[in-house]
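Shown next: data19.csv, given as CSV, C-alpha atoms and all ligand atoms.
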```csv
chain,number,residue,atom,x,y,z
A,1,MET,CA,77.6,109.0,179.5
A,2,ALA,CA,77.6,108.6,183.3
A,3,LYS,CA,80.9,108.8,185.2
A,4,LEU,CA,81.7,105.2,186.4
A,5,LYS,CA,84.1,104.0,189.1
A,6,LEU,CA,84.4,100.3,189.8
A,7,THR,CA,86.0,99.5,193.1
A,8,TYR,CA,87.4,96.0,193.8
A,9,PHE,CA,90.4,94.1,195.0
A,10,ASP,CA,93.6,94.4,193.0
A,11,PHE,CA,93.6,91.0,191.3
A,12,ASP,CA,92.3,89.7,187.9
A,13,GLY,CA,89.4,87.6,189.1
A,14,GLY,CA,86.7,87.4,191.8
A,15,ARG,CA,83.4,89.2,191.9
A,16,GLY,CA,84.6,92.4,190.3
A,17,GLU,CA,86.2,90.8,187.3
A,18,PRO,CA,83.1,90.2,185.1
A,19,ALA,CA,82.1,93.9,185.3
A,20,ARG,CA,85.7,95.0,184.5
A,21,LEU,CA,85.6,92.7,181.4
A,22,ALA,CA,82.1,93.9,180.3
A,23,LEU,CA,83.2,97.5,180.5
A,24,HIS,CA,86.3,96.8,178.5
A,25,ILE,CA,84.4,94.8,175.9
A,26,GLY,CA,81.8,97.6,175.6
A,27,GLY,CA,84.6,100.2,175.2
A,28,ILE,CA,83.0,102.1,178.2
A,29,ALA,CA,85.3,104.5,180.0
A,30,PHE,CA,85.5,103.8,183.8
A,31,GLU,CA,87.9,104.3,186.7
A,32,ASP,CA,89.2,100.8,187.6
A,33,HIS,CA,89.8,101.5,191.3
A,34,ARG,CA,91.9,98.5,192.6
A,35,VAL,CA,92.1,98.3,196.4
A,36,ALA,CA,95.2,96.7,198.0
A,37,GLY,CA,94.5,94.2,200.7
A,38,LYS,CA,96.2,96.3,203.3
A,39,ASP,CA,93.9,99.3,202.5
A,40,TRP,CA,90.7,97.3,202.7
A,41,PRO,CA,90.0,97.3,206.5
A,42,ALA,CA,89.8,101.2,206.5
A,43,LEU,CA,87.7,101.3,203.4
A,44,ARG,CA,85.5,98.5,204.6
A,45,GLU,CA,84.0,100.6,207.4
A,46,LYS,CA,83.0,103.2,204.8
A,47,THR,CA,81.5,100.7,202.4
A,48,ALA,CA,77.7,100.3,202.8
A,49,PHE,CA,77.4,96.5,202.9
A,50,LEU,CA,81.0,96.0,204.1
A,51,ALA,CA,82.0,94.3,200.8
A,52,MET,CA,83.2,94.9,197.3
A,53,PRO,CA,82.7,95.3,194.3
A,54,THR,CA,80.9,98.6,194.3
A,55,LEU,CA,80.1,100.8,191.3
A,56,GLU,CA,79.9,104.5,191.6
A,57,VAL,CA,77.7,106.1,189.0
A,58,ASP,CA,77.9,109.9,188.9
A,59,GLY,CA,78.7,109.9,192.6
A,60,ARG,CA,76.1,107.3,193.8
A,61,VAL,CA,77.6,104.1,195.0
A,62,VAL,CA,75.8,100.8,194.4
A,63,SER,CA,76.8,97.3,195.4
A,64,GLN,CA,76.2,93.6,194.7
A,65,SER,CA,78.2,92.0,192.0
A,66,ASN,CA,75.3,90.6,189.9
A,67,SER,CA,73.4,93.9,190.1
A,68,ILE,CA,76.5,95.6,188.8
A,69,ASN,CA,76.9,93.0,186.1
A,70,ARG,CA,73.4,93.5,184.9
A,71,TYR,CA,73.8,97.3,184.9
A,72,VAL,CA,77.1,97.3,183.0
A,73,GLY,CA,75.9,94.4,180.9
A,74,LYS,CA,73.1,96.6,179.6
A,75,LEU,CA,75.5,99.5,179.0
A,76,ALA,CA,77.9,97.2,177.1
A,77,GLY,CA,75.2,95.3,175.1
A,78,LEU,CA,76.1,92.1,177.0
A,79,TYR,CA,72.7,91.5,178.7
A,80,PRO,CA,69.8,89.9,177.0
A,81,LYS,CA,66.8,92.2,176.1
A,82,ASP,CA,64.5,89.2,175.9
A,83,ASP,CA,62.9,88.4,179.4
A,84,TRP,CA,63.4,84.7,179.1
A,85,GLN,CA,67.0,84.9,178.0
A,86,ALA,CA,67.6,87.5,180.8
A,87,PHE,CA,66.2,85.0,183.3
A,88,LEU,CA,68.6,82.3,182.0
A,89,CYS,CA,71.5,84.7,182.2
A,90,ASP,CA,70.5,85.7,185.8
A,91,GLU,CA,70.1,82.1,187.0
A,92,VAL,CA,73.6,81.3,185.9
A,93,MET,CA,75.1,84.4,187.5
A,94,ASP,CA,73.3,83.7,190.8
A,95,ALA,CA,74.4,80.0,190.8
A,96,VAL,CA,78.0,81.2,190.4
A,97,GLU,CA,77.5,83.6,193.2
A,98,ASP,CA,76.2,80.7,195.5
A,99,ILE,CA,79.1,78.5,194.8
A,100,SER,CA,81.6,81.4,195.1
A,101,THR,CA,80.2,82.1,198.6
A,102,ARG,CA,80.7,78.4,199.6
A,103,ILE,CA,84.3,78.6,198.4
A,104,GLY,CA,84.7,81.9,200.1
A,105,GLN,CA,83.6,80.4,203.4
A,106,THR,CA,86.7,78.1,203.4
A,107,MET,CA,89.1,81.0,202.9
A,108,GLY,CA,89.9,81.9,206.5
A,109,MET,CA,90.0,78.3,207.8
A,110,ALA,CA,93.0,76.6,209.4
A,111,ASP,CA,94.7,74.4,206.9
A,112,ASP,CA,93.3,71.0,208.3
A,113,ASP,CA,89.8,72.3,208.4
A,114,LYS,CA,90.2,73.9,204.9
A,115,LYS,CA,91.4,70.6,203.5
A,116,LYS,CA,88.4,68.8,204.8
A,117,ALA,CA,85.9,71.5,203.7
A,118,ARG,CA,87.4,71.7,200.2
A,119,ALA,CA,87.4,68.0,199.8
A,120,ALA,CA,83.7,68.0,200.7
A,121,LEU,CA,83.1,70.8,198.3
A,122,ALA,CA,84.9,69.1,195.4
A,123,ALA,CA,82.9,65.9,195.9
A,124,GLY,CA,79.6,67.7,196.7
A,125,HIS,CA,78.3,71.2,196.0
A,126,LEU,CA,81.1,72.3,193.7
A,127,LYS,CA,81.0,69.2,191.5
A,128,ARG,CA,77.2,69.4,191.3
A,129,TYR,CA,77.3,73.1,190.4
A,130,LEU,CA,79.9,72.6,187.7
A,131,GLU,CA,77.9,69.7,186.2
A,132,GLU,CA,74.7,71.7,186.3
A,133,LEU,CA,76.3,74.7,184.7
A,134,ALA,CA,77.6,72.5,182.0
A,135,ALA,CA,74.1,71.2,181.5
A,136,ARG,CA,72.7,74.7,181.3
A,137,LEU,CA,75.4,75.5,178.7
A,138,GLU,CA,74.4,72.5,176.6
A,139,ALA,CA,70.7,73.4,176.9
A,140,ALA,CA,71.5,76.9,175.6
A,141,GLY,CA,73.2,75.6,172.5
A,142,GLY,CA,76.7,74.7,173.8
A,143,GLU,CA,78.6,77.9,173.3
A,144,TYR,CA,77.1,80.6,175.5
A,145,PHE,CA,74.8,80.6,178.5
A,146,ALA,CA,72.0,82.8,177.1
A,147,ASP,CA,70.9,84.6,173.9
A,148,ARG,CA,73.3,82.4,171.8
A,149,ARG,CA,76.0,85.2,172.2
A,150,LEU,CA,78.4,86.5,174.8
A,151,THR,CA,76.6,87.9,177.9
A,152,VAL,CA,77.6,88.8,181.4
A,153,ALA,CA,76.7,85.2,182.4
A,154,ASP,CA,79.6,84.0,180.3
A,155,LEU,CA,81.9,86.5,181.9
A,156,LYS,CA,80.9,85.3,185.4
A,157,VAL,CA,81.3,81.6,184.6
A,158,PHE,CA,84.6,82.4,182.8
A,159,SER,CA,86.0,84.0,186.0
A,160,LEU,CA,84.9,81.1,188.1
A,161,THR,CA,86.4,78.4,185.8
A,162,ARG,CA,89.6,80.4,185.3
A,163,TRP,CA,89.9,80.7,189.1
A,164,LEU,CA,89.4,77.0,189.7
A,165,ARG,CA,91.9,76.1,187.1
A,166,SER,CA,94.5,78.6,188.2
A,167,GLY,CA,95.8,76.5,191.1
A,168,ALA,CA,95.2,79.4,193.5
A,169,LEU,CA,92.8,77.3,195.6
A,170,ASP,CA,94.8,74.9,197.6
A,171,HIS,CA,93.2,71.5,198.4
A,172,LEU,CA,90.8,71.9,195.5
A,173,PRO,CA,91.9,69.8,192.5
A,174,LYS,CA,93.1,72.2,189.8
A,175,ASP,CA,91.6,69.9,187.2
A,176,LEU,CA,88.1,69.5,188.8
A,177,ALA,CA,86.4,71.4,186.0
A,178,ASP,CA,88.3,69.4,183.3
A,179,THR,CA,87.2,66.2,185.0
A,180,VAL,CA,83.6,66.9,185.8
A,181,ALA,CA,82.6,69.6,183.3
A,182,PRO,CA,84.9,69.7,180.3
A,183,GLN,CA,82.3,71.8,178.5
A,184,LEU,CA,83.1,74.6,180.9
A,185,VAL,CA,86.8,74.4,180.1
A,186,LYS,CA,86.0,74.8,176.4
A,187,HIS,CA,83.7,77.6,177.3
A,188,CYS,CA,86.5,79.3,179.3
A,189,GLU,CA,88.8,79.0,176.3
A,190,ARG,CA,86.2,80.4,174.0
A,191,VAL,CA,85.6,83.4,176.2
A,192,ALA,CA,89.4,83.9,176.7
A,193,SER,CA,89.9,84.0,173.0
A,194,HIS,CA,87.4,86.8,172.5
A,195,PRO,CA,89.6,89.5,170.8
A,196,LYS,CA,88.8,92.1,173.4
A,197,ILE,CA,89.4,89.8,176.4
A,198,ALA,CA,92.6,88.3,174.9
A,199,ALA,CA,93.9,91.9,174.3
A,200,TYR,CA,92.9,93.0,177.8
A,201,TYR,CA,94.8,90.2,179.5
A,202,GLN,CA,97.8,90.8,177.2
A,203,ARG,CA,97.8,94.4,178.4
A,204,ARG,CA,97.4,93.3,182.1
A,205,LYS,CA,100.4,90.9,181.7
A,206,ALA,CA,102.5,93.6,180.2
A,207,SER,CA,101.6,96.2,182.9
B,301,LIG,N1,76.8,89.7,197.8
B,301,LIG,C1,78.0,90.4,197.5
B,301,LIG,C2,79.1,89.7,198.2
B,301,LIG,C3,80.4,90.6,198.2
B,301,LIG,C4,81.6,90.0,198.8
B,301,LIG,O1,81.5,89.1,199.7
B,301,LIG,N2,82.7,90.5,198.5
B,301,LIG,C5,84.0,90.1,199.0
B,301,LIG,C6,85.1,90.0,197.9
B,301,LIG,S1,84.7,89.0,196.6
B,301,LIG,C7,84.5,91.0,200.1
B,301,LIG,O2,84.3,92.2,199.9
B,301,LIG,N3,85.1,90.5,201.1
B,301,LIG,C8,85.8,91.3,202.1
B,301,LIG,C9,85.2,91.4,203.4
B,301,LIG,O3,84.1,90.8,203.6
B,301,LIG,O4,85.7,92.0,204.3
B,301,LIG,C10,78.2,90.6,196.0
B,301,LIG,O5,77.7,89.8,195.3
B,301,LIG,O6,78.8,91.6,195.6
```
Have the structure of the file written as structure tokens, please.
Amino acid sequence: MAKLKLTYFDFDGGRGEPARLALHIGGIAFEDHRVAGKDWPALREKTAFLAMPTLEVDGRVVSQSNSINRYVGKLAGLYPKDDWQAFLCDEVMDAVEDISTRIGQTMGMADDDKKKARAALAAGHLKRYLEELAARLEAAGGEYFADRRLTVADLKVFSLTRWLRSGALDHLPKDLADTVAPQLVKHCERVASHPKIAAYYQRRKAS
């Protein structure tokens, strides 16, 4: 088995979280390298595309969250083998990536600008993305986004819904997903109750 080192910020969410979860679910040993915010500027200059997550595999460092998700998803048995199901899985992961980028663009804004930008997101793109993701979920059978089983697409949407509902994003209604896409909230609860995910967050809470 290759030696794996996943590098990402030190919090339980964001673009690195689905890969962490997939590796834990698959029981795959890896170094969970968590970078403190204060250490990022120095590391950033040494990071190929100036961003995390990155995954080092036997000394070779590769980037891009969804590429990493697909790779670890295959290792963990959480990525569809069927081409069509893989396509559905990828579409969902890339849609989450799109909307996360839009949310990310509001991060450094001054409070007034952020308030306006997030209100526009909540009424516009974010609402639409949540509704469409809920529609994709329904079309796939209502429980999982692809393959009628847990895949990395579920882990990616789970991280997004959990983030939106956490209250960490000021000026975005905490209950936006509950209001516009309750199916995603049920999905989030379903994924959270997966025995390995529930046990993982219990351990994180205790640490
Ligand atoms: N397309 C990249 C985007 C990566 C990205 O923007 N990562 C953020 C954290 S979620 C980052 O490293 N931000 C710090 C910076 O840009 O300095 C991916 O999907 O991995």
Hey, which residues sit close to ligand LIG 301 (chain B)? Say within 7 Å, counting all atoms listed in the file, and write them as a PDB file with C-alpha atoms, in the coordinates of the input.
```
ATOM      1  CA  GLY A  14      86.700  87.400 191.800  1.00  0.00           C
ATOM      2  CA  ARG A  15      83.400  89.200 191.900  1.00  0.00           C
ATOM      3  CA  ARG A  44      85.500  98.500 204.600  1.00  0.00           C
ATOM      4  CA  LEU A  50      81.000  96.000 204.100  1.00  0.00           C
ATOM      5  CA  ALA A  51      82.000  94.300 200.800  1.00  0.00           C
ATOM      6  CA  MET A  52      83.200  94.900 197.300  1.00  0.00           C
ATOM      7  CA  PRO A  53      82.700  95.300 194.300  1.00  0.00           C
ATOM      8  CA  SER A  63      76.800  97.300 195.400  1.00  0.00           C
ATOM      9  CA  GLN A  64      76.200  93.600 194.700  1.00  0.00           C
ATOM     10  CA  SER A  65      78.200  92.000 192.000  1.00  0.00           C
ATOM     11  CA  ASN A  66      75.300  90.600 189.900  1.00  0.00           C
ATOM     12  CA  GLU A  97      77.500  83.600 193.200  1.00  0.00           C
TER      13      GLU A  97
END
```
Item to check | Proximity to Tyr129 in chain A - best of A:Thr54, A:Ala48, A:Ile99, A:Gly27, all atoms listed in the file | outcome: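 Using all atoms listed in the file, the shortest distance to Tyr129 in chain A belongs to A:Ile99.
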Next on the checklist: Using only C-alpha atoms for the distances, tell me which of A:Phe87, A:Asp39, A:Gly59, A:His171 is nearest to Asp112 in chain A.
Outcome noted: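 Of A:Phe87, A:Asp39, A:Gly59, A:His171, the one nearest Asp112 in chain A is A:His171, counting only C-alpha atoms.
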Checklist entry - Any idea what the distance is between CA of Gly108 in chain A and CA of Lys46 in chain A? => result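 That distance, rounded to one decimal, is 22.5 Å.
Of the residues listed (A:Glu131, A:Asp94, A:Asp58, A:Asp83), A:Asp58 shows the shortest atom-to-atom separation from Ala2 in chain A; distances use all atoms listed in the file.
The gap separating CA of Tyr8 in chain A from CA of Cys89 in chain A is 22.7 Å, in Å to one decimal.
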Next on the checklist: From the options A:Ala139, A:Leu133, A:Val72, A:Leu150, which residue's atoms come nearest to Ala22 in chain A, counting all atoms listed in the file?
Outcome noted: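 Closest to Ala22 in chain A, using all atoms listed in the file: A:Val72.
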Checklist outcome for this item: Taken to one decimal, the CA of Phe9 in chain A-CA of Ala192 in chain A distance is 21.0 Å
Checklist entry - Which residues come within 10 Å of Ala86 in chain A, counting only C-alpha atoms, excluding same-chain residues fewer than 5 positions away, as a list of chain:residue names? => result A:Arg70, A:Tyr79, A:Pro80, A:Lys81, A:Glu91, A:Ala146, A:Asp147, A:Thr151, A:Ala153
Item to check | Distance query Phe145 in chain A at most 12 Å, all atoms listed in the file, self and fewer than 4 positions along chain excluded, as a PyMOL selection string | outcome: chain A and resi 78-80+85-93+132-141+149-158+183-184+187-188+191
Checklist entry - Near Ala198 in chain A, within 12 Å and counting only C-alpha atoms, which residues show up once chain neighbours fewer than 6 positions away are dropped, as a list in words? => result Leu21, His24, Ile25, Cys188, Glu189, Arg190, Val191, Ala192, Arg204 and Lys205 of chain A
Could you write out that same residue set with C-alpha atoms as a short mmCIF file (atom, residue, chain, number, x, y, z; two decimals), keeping the file's coordinate frame?
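This is the output file again_4.cif:
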```
data_model
loop_
_atom_site.label_atom_id
_atom_site.label_comp_id
_atom_site.auth_asym_id
_atom_site.auth_seq_id
_atom_site.Cartn_x
_atom_site.Cartn_y
_atom_site.Cartn_z
CA LEU A 21 85.60 92.70 181.40
CA HIS A 24 86.30 96.80 178.50
CA ILE A 25 84.40 94.80 175.90
CA CYS A 188 86.50 79.30 179.30
CA GLU A 189 88.80 79.00 176.30
CA ARG A 190 86.20 80.40 174.00
CA VAL A 191 85.60 83.40 176.20
CA ALA A 192 89.40 83.90 176.70
CA ARG A 204 97.40 93.30 182.10
CA LYS A 205 100.40 90.90 181.70
#
```
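Minimum atom-to-atom distance to Met107 in chain A, evaluated using only C-alpha atoms, belongs to A:Leu172 out of A:Leu172, A:Ile197, A:Leu23, A:Ala177.
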Next on the checklist: Residues proximal to (91.8, 92.2, 189.1) were defined as those with any atom within 12 Å of that point in the file's coordinates, counting all atoms listed in the file. Which are they, as a list in words?
Outcome noted: Leu6, Thr7, Tyr8, Phe9, Asp10, Phe11, Asp12, Gly13, Gly14, Arg15, Gly16, Glu17, Pro18, Ala19, Arg20, Leu21, Asp32, His33, Arg34, Val35, Ala36, Pro53, Ser159, Trp163, Tyr200, Tyr201, Arg204 and Lys205 of chain A
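Using only C-alpha atoms, the nearest neighbour of Gly77 in chain A within the list A:Val57, A:Ala42, A:Thr179, A:Ile28 is A:Ile28.
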